Amino acid sequence: MSDHLTEAELAGATPRLQALRDALNAVLFGQEALVDNVITALLARGHLLLEGLPGLGKTELVKGLARALRLDARRVQFTPDLLPGDITGNPILQEEDGRRQFVFQPGPLFANLVLADEINRASPKTQSALLEAMQERRVTVMGQSHVLPDPFFVLATQNPIELEGTYPLPEAQLDRFLFKLEVHRNNIEVLERIVQHRRIGEEPAVEPVLTRDELLRMAALAGRIFLPDVVVNYIARLVDGTHAGQSKTAAGVKFGASPRAALGLAAAARGRALLAGRLNASFEDVRAVAVPVLQHRIVLDYHARIDGLTAPQLVRNLLEEIPVQTQTVPSALRAAKQ
Amino acid sequence: MSALFACALLVGRQHGNVGRAWWIVYGAALLVGAGWALWHAGRCGFFTVADARVRLESHLGLHNRLSAAAAGVGAFPPPQRTPDGYTFRWQVILPPLAGAFALVFAAAYVPVTRPPADFVPEALPDAVAQTAGWLDTLQKTDLVQPPALETFRERLEQLREQPARDWFTQSSLEAGDNLRGQTEQSLQALQRDLRTAAGSLEMMERATEQTSPADAKAMSDRLQEALKGLELGNLPLNKELLSQLKGIDPSTLKHLSPEQLEALKERLKNGVKLTQAMLKPGKPGDKPGKDLLLAASNCSSPSQPGQPGGPGGGESSAPITLRDKPTDLHSTATEPDANASNLDHALPGDIVGVGKGEHTVDPNAYAGPTAAGAATSDGNGGEAVWRDDLTPQERDVLRNFFK
């Protein structure tokens with residue numbers, strides 16, 4: 001029997017995910033695309049890097065997510081003097097029954113949802129500790145490994161301004177994040193809604209819509225979304241096209257996307273398909289998640305940067321260049337409507 | 001392939017070992033090559049089922065449902081009606097239609113000034129009326145030949161037959177003036193010739209036996225000259241009178257009875273009086289004096305709604321009115337009085353002339369003491385941060401540096 005998702009399973013998951021989407025949209029006004037991407041990352045079990053100015057609701061989003069999913073959430077403000085032990089936890093010498101021993105005191109990483117605020121302000125050592133935890137989903141202190149709770153999601157934020165005194169994340173560490181999302185400012189209508197419905201210091205009420213186990217089940221369902229061969233081929237050609245010499249668009253690329261990016265594209269496309277209530281991922285899903293998945297995994301050379309080219313723009317150009325189908329149209333069908 | 005075989009054949013013949021097998025191999029190779037070429041050409045003209053599915057689902061926005069269903073995941077979507085390629089593009093169709101309707105609507109409802117429908121001039125223009133009067137008088141008195149009058153009357157009728165609304169247009173008025181002028185000149189010529197002829201008869205009657213032949217010939221020539229004008233002028237004299245006059249000379253004059261001669265002179269004098277009366281100033285249709293012109297320019301005459309305004313004139317002059325406030329021309333520059341060259345008419349406060357000049361500022365002038373160590377610019381925060389807003393020249397410099 002096939003391990004692919006069935007119609008019945010899909011019918012059971014779709015309303016729950018729609019409820020989660022509605023709950024988050026009630027917390028964060030006017031950011032429907034961001035909410036969809038966050039849920040997609042949750043279903044793909046990937047971490048998020050949010051880039052945006054302060055005050056756009058990143059923390060509110062994480063809090064709302066934690067309440068809607070009944071998950072344990074922690075927030076860590078990264079500073080240059082933050083030490084790895086401050087986030088992973090430290091062994092504390094305790095005396096019990098006349099014996100002294102080190103007892104591990106878990107840090108803020110031991111939560112289901114971790115908001116790493118201004119991650120680029122921490123030293124590379126602390127960043128590495130967090131990024132290792134993101135990858136391995138465990139921390140090792142004094143030779144002892146401690147498994148992080150499941151699910152474990154990191155939502156890190158970066159401030160695009162005030163770059164002095166920061167430690168930009170290296171490309172290898174950026175690769176750990178499934179999505180890099182840019183949080184844009186709100187328009188006037190959304191600002192009016194925010195002013196009318198929000199007060200400073202008052203957190204919006206969010207009803208739990210999913211349990212932890214249900215979220216894990218949803219993520220497992222997303223993993224069973226069917227990925228057609230043609231979509232797999234499209235993902236492979238897209239990722240390959242990010243390397244210099246493999247496409248015209250990639251002429252200004254210094255380093256292209258890694259195979260992990262291809263895996264991320266596939267997982268994100270599956271998550272988006274489940275969120276949309278479809279049994280299979282599609283070209284459209286891949287195209288929709290291509291920019292958040294690929295933009296932080298591509299390193300542009302100086303020529304491209306000087307020419308004003310940005311990674312998101314390059315990915316969009318790549319999507320224009322790489323066709324979904326490599327087979328050329330037969331001459332007999334060329335007259336047909338495109 | 002044939003070229004290769006040809007080369008091999010040449011080499012083989014040099015060595016003398018070309019056999020039947022060579023030709024069999026060549027034929028087999030030709031068959032295989034032709035088969036491959038046919039297969040390749042045919043293959044390029046067809047789609048695989050999988051490719052067709054991808055093409056359909058990508059163009060119809062089916063989210064790869066066909067590929068998934070073909071792989072056993074989910075069901076094929078129900079057939080849907082595909083667009084036939086023809087769509088109404090309202091954004092292209094509507095603007096011209098809306099523009100056309102707007103134009104028609106505007107033409108139908110924009111307020112317009114309607115000329116008075118019941119406007120009918122009470123009388124013909126003066127020039128036309130006067131010319132008609134002259135022609136009628138001439139016709140009644142039978143002084144001139146009727147065909148000559150018809151020529152003038154035809155032109156007069158052309159002016160009369162115009163719609164009454166056009167009687168006082170610029171062109172009609174000018175045409176009427178022209179016709180009156182020609183008629184007046186013809187009348188003057190007729191009067192002059194009649195007077196000459198009458199004078200000549202008078203002199204010929206007074207001539208005696210002592211009158212020299214030269215004087216007699218001069219009198220006869222003068223009469224003949226006048227008769228020539230009376231015959232060939234625009235208004236030729238009545239034929240019967242003209243024939244009588246033609247037969248007169250100093251020798252034949254004696255054959256006329258005094259009554260006949262007197263009657264002939266009387267007819268000529270009556271003609272002179274008639275033309276004098278017609279051309280006498282003060283009669284209706286005379287050239288307007290100054291007061292009449294002023295009155296006409298103000299359209300004060302109810303029966304003459306307009307007069308020719310000259311070469312650039314219209315049907316009538318606009319009334320001269322004064323506004324309560326002066327006209328604001330939105331002029332920002334001070335301009336001199338255009339009549340300021342004549343200072344005799346200048347008034348106190350008039351601007352006689354305007355000149356342009358620039359302030360001369362020395363850029364190297366001493367600006368005052370400067371404290372030691374003072375910064376010329378405070379700078380902005382974050383200037384050390386890399387920014388991608390370089391000018392094209394800076395980009396070129398950087399590009400060359402990194403090459």
# chains A, B, ... in the order shown; residues from 1 in each chain; ligands from 1
call {"tool": "interface_residues", "arguments": {"of": "chain B", "to": "chain A", "cutoff": "7 Å", "atoms": "only C-alpha atoms", "output": "PyMOL selection string"}}
result
chain B and resi 44-46+51+63-64+67-68+74+388+395+399
call {"tool": "residues_around", "arguments": {"residues": "Glu9 in chain A", "least_positions_apart": "4", "cutoff": "12 Å", "atoms": "only C-alpha atoms", "output": "PyMOL selection string"}}
result
chain A and resi 3-5+13-16+217-218+220-222+224-225+274+277-279
call {"tool": "write_last_selection", "arguments": {"atoms": "C-alpha atoms", "output": "short mmCIF file (atom, residue, chain, number, x, y, z; two decimals), in the first residue's frame"}}
result
data_model
loop_
_atom_site.label_atom_id
_atom_site.label_comp_id
_atom_site.auth_asym_id
_atom_site.auth_seq_id
_atom_site.Cartn_x
_atom_site.Cartn_y
_atom_site.Cartn_z
CA ASP A 3 2.43 5.66 1.94
CA HIS A 4 1.01 8.74 0.32
CA LEU A 5 -1.60 10.87 1.93
CA ALA A 13 -6.12 18.00 8.44
CA THR A 14 -7.31 20.87 6.29
CA PRO A 15 -9.89 22.37 8.71
CA ARG A 16 -7.44 22.25 11.59
CA ARG A 217 0.82 14.55 13.25
CA MET A 218 0.28 17.35 10.76
CA ALA A 220 4.04 13.81 9.54
CA LEU A 221 1.15 14.18 7.10
CA ALA A 222 3.08 16.87 5.26
CA ARG A 224 3.60 12.07 3.11
CA ILE A 225 2.42 14.58 0.54
CA LEU A 274 -0.99 20.37 2.77
CA GLY A 277 -5.53 21.08 0.99
CA ARG A 278 -3.92 19.23 -1.88
CA LEU A 279 -2.67 15.65 -2.06
#
call {"tool": "residues_around", "arguments": {"residues": "range 190-205 of chain B", "least_positions_apart": "4", "cutoff": "7 Å", "atoms": "only C-alpha atoms", "output": "number ranges by chain"}}
result
B: 186, 219, 222-223, 226-227, 229-230, 235, 250, 265, 268-269, 271-272, 275
call {"tool": "write_last_selection", "arguments": {"atoms": "N, CA, C and O atoms", "output": "compact mmCIF listing (two decimals), in the first residue's frame"}}
result
# COMPACT_ATOMS: atom_id res chain seq x y z
N SER B 186 -21.40 105.26 -63.83
CA SER B 186 -22.08 105.24 -65.14
C SER B 186 -23.03 106.41 -65.28
O SER B 186 -23.14 107.03 -66.36
N MET B 219 -17.05 121.98 -83.24
CA MET B 219 -18.35 121.75 -82.58
C MET B 219 -18.89 120.38 -82.96
O MET B 219 -19.45 119.66 -82.12
N ARG B 222 -17.00 117.67 -81.15
CA ARG B 222 -17.36 117.59 -79.74
C ARG B 222 -18.68 116.86 -79.56
O ARG B 222 -18.84 116.04 -78.65
N LEU B 223 -19.59 117.16 -80.48
CA LEU B 223 -20.88 116.47 -80.40
C LEU B 223 -20.70 114.98 -80.66
O LEU B 223 -21.27 114.13 -79.96
N ALA B 226 -19.28 113.23 -77.70
CA ALA B 226 -20.30 113.02 -76.65
C ALA B 226 -21.24 111.90 -77.05
O ALA B 226 -21.63 111.05 -76.24
N LEU B 227 -21.58 111.88 -78.35
CA LEU B 227 -22.48 110.81 -78.81
C LEU B 227 -21.83 109.44 -78.71
O LEU B 227 -22.49 108.44 -78.41
N GLY B 229 -19.71 108.57 -76.44
CA GLY B 229 -19.82 108.16 -75.02
C GLY B 229 -21.22 107.73 -74.71
O GLY B 229 -21.44 106.75 -73.98
N LEU B 230 -22.21 108.45 -75.27
CA LEU B 230 -23.60 108.07 -74.98
C LEU B 230 -23.96 106.73 -75.61
O LEU B 230 -24.82 106.02 -75.10
N LEU B 235 -24.30 102.93 -69.63
CA LEU B 235 -25.72 103.25 -69.73
C LEU B 235 -25.94 103.97 -71.07
O LEU B 235 -25.98 105.20 -71.13
N PRO B 250 -23.48 120.80 -88.23
CA PRO B 250 -23.80 122.20 -88.47
C PRO B 250 -24.55 122.44 -89.77
O PRO B 250 -25.38 123.35 -89.88
N LYS B 265 -33.27 119.61 -77.58
CA LYS B 265 -32.48 120.19 -76.49
C LYS B 265 -33.18 119.97 -75.16
O LYS B 265 -32.55 119.69 -74.14
N LEU B 268 -32.56 116.52 -73.91
CA LEU B 268 -31.20 116.37 -73.36
C LEU B 268 -31.10 117.05 -72.00
O LEU B 268 -30.51 116.51 -71.06
N LYS B 269 -31.66 118.21 -71.87
CA LYS B 269 -31.58 118.93 -70.59
C LYS B 269 -32.35 118.18 -69.51
O LYS B 269 -31.93 118.13 -68.35
N GLY B 271 -32.66 115.03 -69.36
CA GLY B 271 -31.78 113.92 -68.96
C GLY B 271 -30.71 114.37 -67.98
O GLY B 271 -30.41 113.70 -66.99
N VAL B 272 -30.16 115.59 -68.29
CA VAL B 272 -29.13 116.11 -67.39
C VAL B 272 -29.74 116.38 -66.02
O VAL B 272 -29.17 116.04 -64.98
N THR B 275 -30.35 113.04 -64.11
CA THR B 275 -29.14 112.45 -63.52
C THR B 275 -28.60 113.32 -62.41
O THR B 275 -28.09 112.79 -61.39
call {"tool": "select_by_dssp", "arguments": {"residues": "range 63-277 of chain A", "states": "alpha helix (DSSP H)", "output": "number ranges by chain"}}
result
A: 63-69, 84-88, 124-136, 171-174, 188-197, 212-223, 229-241, 259-276
call {"tool": "atom_distance", "arguments": {"atom1": "CA of Arg260 in chain A", "atom2": "CA of Ala129 in chain A"}}
result
20.0 Å
call {"tool": "closest_residue", "arguments": {"among": "B:Leu143, B:Ile351, B:Leu66, B:Ser171", "to": "Leu242 in chain B", "atoms": "only C-alpha atoms"}}
result
B:Leu143
call {"tool": "residues_around", "arguments": {"residues": "Ile92 in chain A", "least_positions_apart": "3", "cutoff": "7 Å", "atoms": "only C-alpha atoms", "output": "list in words"}}
result
Phe102, Val103, Phe104 and Gln105 of chain A
call {"tool": "write_last_selection", "arguments": {"atoms": "C-alpha atoms", "output": "compact mmCIF listing (two decimals), in the first residue's frame"}}
result
# COMPACT_ATOMS: atom_id res chain seq x y z
CA PHE A 102 26.55 18.68 38.83
CA VAL A 103 22.92 18.98 37.91
CA PHE A 104 22.12 20.27 34.43
CA GLN A 105 19.97 23.37 34.51
call {"tool": "select_by_dssp", "arguments": {"residues": "range 9-66 of chain A", "states": "strand (DSSP E)", "output": "number ranges by chain"}}
result
A: 47-51
call {"tool": "write_last_selection", "arguments": {"atoms": "C-alpha atoms", "output": "tab-separated table (two decimals), in the first residue's frame"}}
result
chain	number	residue	atom	x	y	z
A	47	HIS	CA	13.46	27.00	11.30
A	48	LEU	CA	12.71	30.56	10.35
A	49	LEU	CA	14.84	33.63	10.02
A	50	LEU	CA	12.74	36.77	10.09
A	51	GLU	CA	14.20	40.02	8.91
call {"tool": "residues_around", "arguments": {"residues": "Ala175 in chain B", "least_positions_apart": "6", "cutoff": "12 Å", "atoms": "only C-alpha atoms", "output": "list in words"}}
result
Pro125, Asp126, Ala127, Val128, Thr131, Arg155, Leu156, Glu157, Gln158, Leu159, Arg160, Asp166, Trp167, Phe168, Thr169, Gly181, Gln182 and Pro308 of chain B
call {"tool": "residues_around", "arguments": {"residues": "Ala41 in chain A", "least_positions_apart": "6", "cutoff": "9 Å", "atoms": "only C-alpha atoms", "output": "PyMOL selection string"}}
result
chain A and resi 47-48+178-179+267-268+271-272
call {"tool": "write_last_selection", "arguments": {"atoms": "all heavy atoms", "output": "PDB file, in the first residue's frame"}}
result
ATOM      1  N   HIS A  47      13.310  25.796  10.484  1.00  0.00           N
ATOM      2  CA  HIS A  47      13.458  26.998  11.301  1.00  0.00           C
ATOM      3  C   HIS A  47      13.328  28.229  10.417  1.00  0.00           C
ATOM      4  O   HIS A  47      13.572  28.189   9.205  1.00  0.00           O
ATOM      5  CB  HIS A  47      14.817  26.989  11.996  1.00  0.00           C
ATOM      6  CG  HIS A  47      15.039  25.751  12.791  1.00  0.00           C
ATOM      7  ND1 HIS A  47      14.377  25.484  13.960  1.00  0.00           N
ATOM      8  CD2 HIS A  47      15.847  24.672  12.572  1.00  0.00           C
ATOM      9  CE1 HIS A  47      14.761  24.319  14.451  1.00  0.00           C
ATOM     10  NE2 HIS A  47      15.666  23.794  13.616  1.00  0.00           N
ATOM     11  N   LEU A  48      12.995  29.334  11.095  1.00  0.00           N
ATOM     12  CA  LEU A  48      12.709  30.558  10.355  1.00  0.00           C
ATOM     13  C   LEU A  48      13.666  31.666  10.751  1.00  0.00           C
ATOM     14  O   LEU A  48      14.000  31.806  11.934  1.00  0.00           O
ATOM     15  CB  LEU A  48      11.291  31.049  10.673  1.00  0.00           C
ATOM     16  CG  LEU A  48      10.125  30.337  10.018  1.00  0.00           C
ATOM     17  CD1 LEU A  48       8.829  30.848  10.618  1.00  0.00           C
ATOM     18  CD2 LEU A  48      10.136  30.610   8.547  1.00  0.00           C
ATOM     19  N   LEU A 178      15.295  27.110   7.230  1.00  0.00           N
ATOM     20  CA  LEU A 178      14.518  26.704   6.063  1.00  0.00           C
ATOM     21  C   LEU A 178      14.079  27.926   5.272  1.00  0.00           C
ATOM     22  O   LEU A 178      14.232  27.977   4.055  1.00  0.00           O
ATOM     23  CB  LEU A 178      13.280  25.911   6.504  1.00  0.00           C
ATOM     24  CG  LEU A 178      12.340  25.498   5.366  1.00  0.00           C
ATOM     25  CD1 LEU A 178      13.034  24.519   4.438  1.00  0.00           C
ATOM     26  CD2 LEU A 178      11.062  24.886   5.918  1.00  0.00           C
ATOM     27  N   PHE A 179      13.538  28.904   5.996  1.00  0.00           N
ATOM     28  CA  PHE A 179      13.039  30.108   5.333  1.00  0.00           C
ATOM     29  C   PHE A 179      13.770  31.328   5.863  1.00  0.00           C
ATOM     30  O   PHE A 179      14.078  31.408   7.051  1.00  0.00           O
ATOM     31  CB  PHE A 179      11.543  30.333   5.638  1.00  0.00           C
ATOM     32  CG  PHE A 179      10.601  29.484   4.849  1.00  0.00           C
ATOM     33  CD1 PHE A 179       9.240  29.513   5.114  1.00  0.00           C
ATOM     34  CD2 PHE A 179      11.047  28.653   3.833  1.00  0.00           C
ATOM     35  CE1 PHE A 179       8.359  28.733   4.409  1.00  0.00           C
ATOM     36  CE2 PHE A 179      10.169  27.875   3.110  1.00  0.00           C
ATOM     37  CZ  PHE A 179       8.817  27.911   3.409  1.00  0.00           C
ATOM     38  N   ALA A 267      10.464  19.972   1.042  1.00  0.00           N
ATOM     39  CA  ALA A 267       9.687  19.939   2.283  1.00  0.00           C
ATOM     40  C   ALA A 267       8.720  21.112   2.347  1.00  0.00           C
ATOM     41  O   ALA A 267       7.553  20.961   2.753  1.00  0.00           O
ATOM     42  CB  ALA A 267      10.645  19.965   3.478  1.00  0.00           C
ATOM     43  N   ALA A 268       9.200  22.277   1.953  1.00  0.00           N
ATOM     44  CA  ALA A 268       8.332  23.455   2.002  1.00  0.00           C
ATOM     45  C   ALA A 268       7.182  23.326   1.005  1.00  0.00           C
ATOM     46  O   ALA A 268       6.057  23.721   1.289  1.00  0.00           O
ATOM     47  CB  ALA A 268       9.152  24.704   1.707  1.00  0.00           C
ATOM     48  N   GLY A 271       4.678  21.090   2.558  1.00  0.00           N
ATOM     49  CA  GLY A 271       3.928  21.775   3.616  1.00  0.00           C
ATOM     50  C   GLY A 271       2.900  22.739   3.034  1.00  0.00           C
ATOM     51  O   GLY A 271       1.761  22.839   3.517  1.00  0.00           O
ATOM     52  N   ARG A 272       3.288  23.440   1.988  1.00  0.00           N
ATOM     53  CA  ARG A 272       2.347  24.396   1.386  1.00  0.00           C
ATOM     54  C   ARG A 272       1.184  23.660   0.730  1.00  0.00           C
ATOM     55  O   ARG A 272       0.045  24.136   0.765  1.00  0.00           O
ATOM     56  CB  ARG A 272       3.089  25.242   0.350  1.00  0.00           C
ATOM     57  CG  ARG A 272       2.316  26.440  -0.119  1.00  0.00           C
ATOM     58  CD  ARG A 272       3.153  27.348  -0.976  1.00  0.00           C
ATOM     59  NE  ARG A 272       2.411  28.529  -1.359  1.00  0.00           N
ATOM     60  CZ  ARG A 272       1.551  28.576  -2.363  1.00  0.00           C
ATOM     61  NH1 ARG A 272       1.340  27.485  -3.084  1.00  0.00           N
ATOM     62  NH2 ARG A 272       0.900  29.698  -2.640  1.00  0.00           N
TER      63      ARG A 272
END
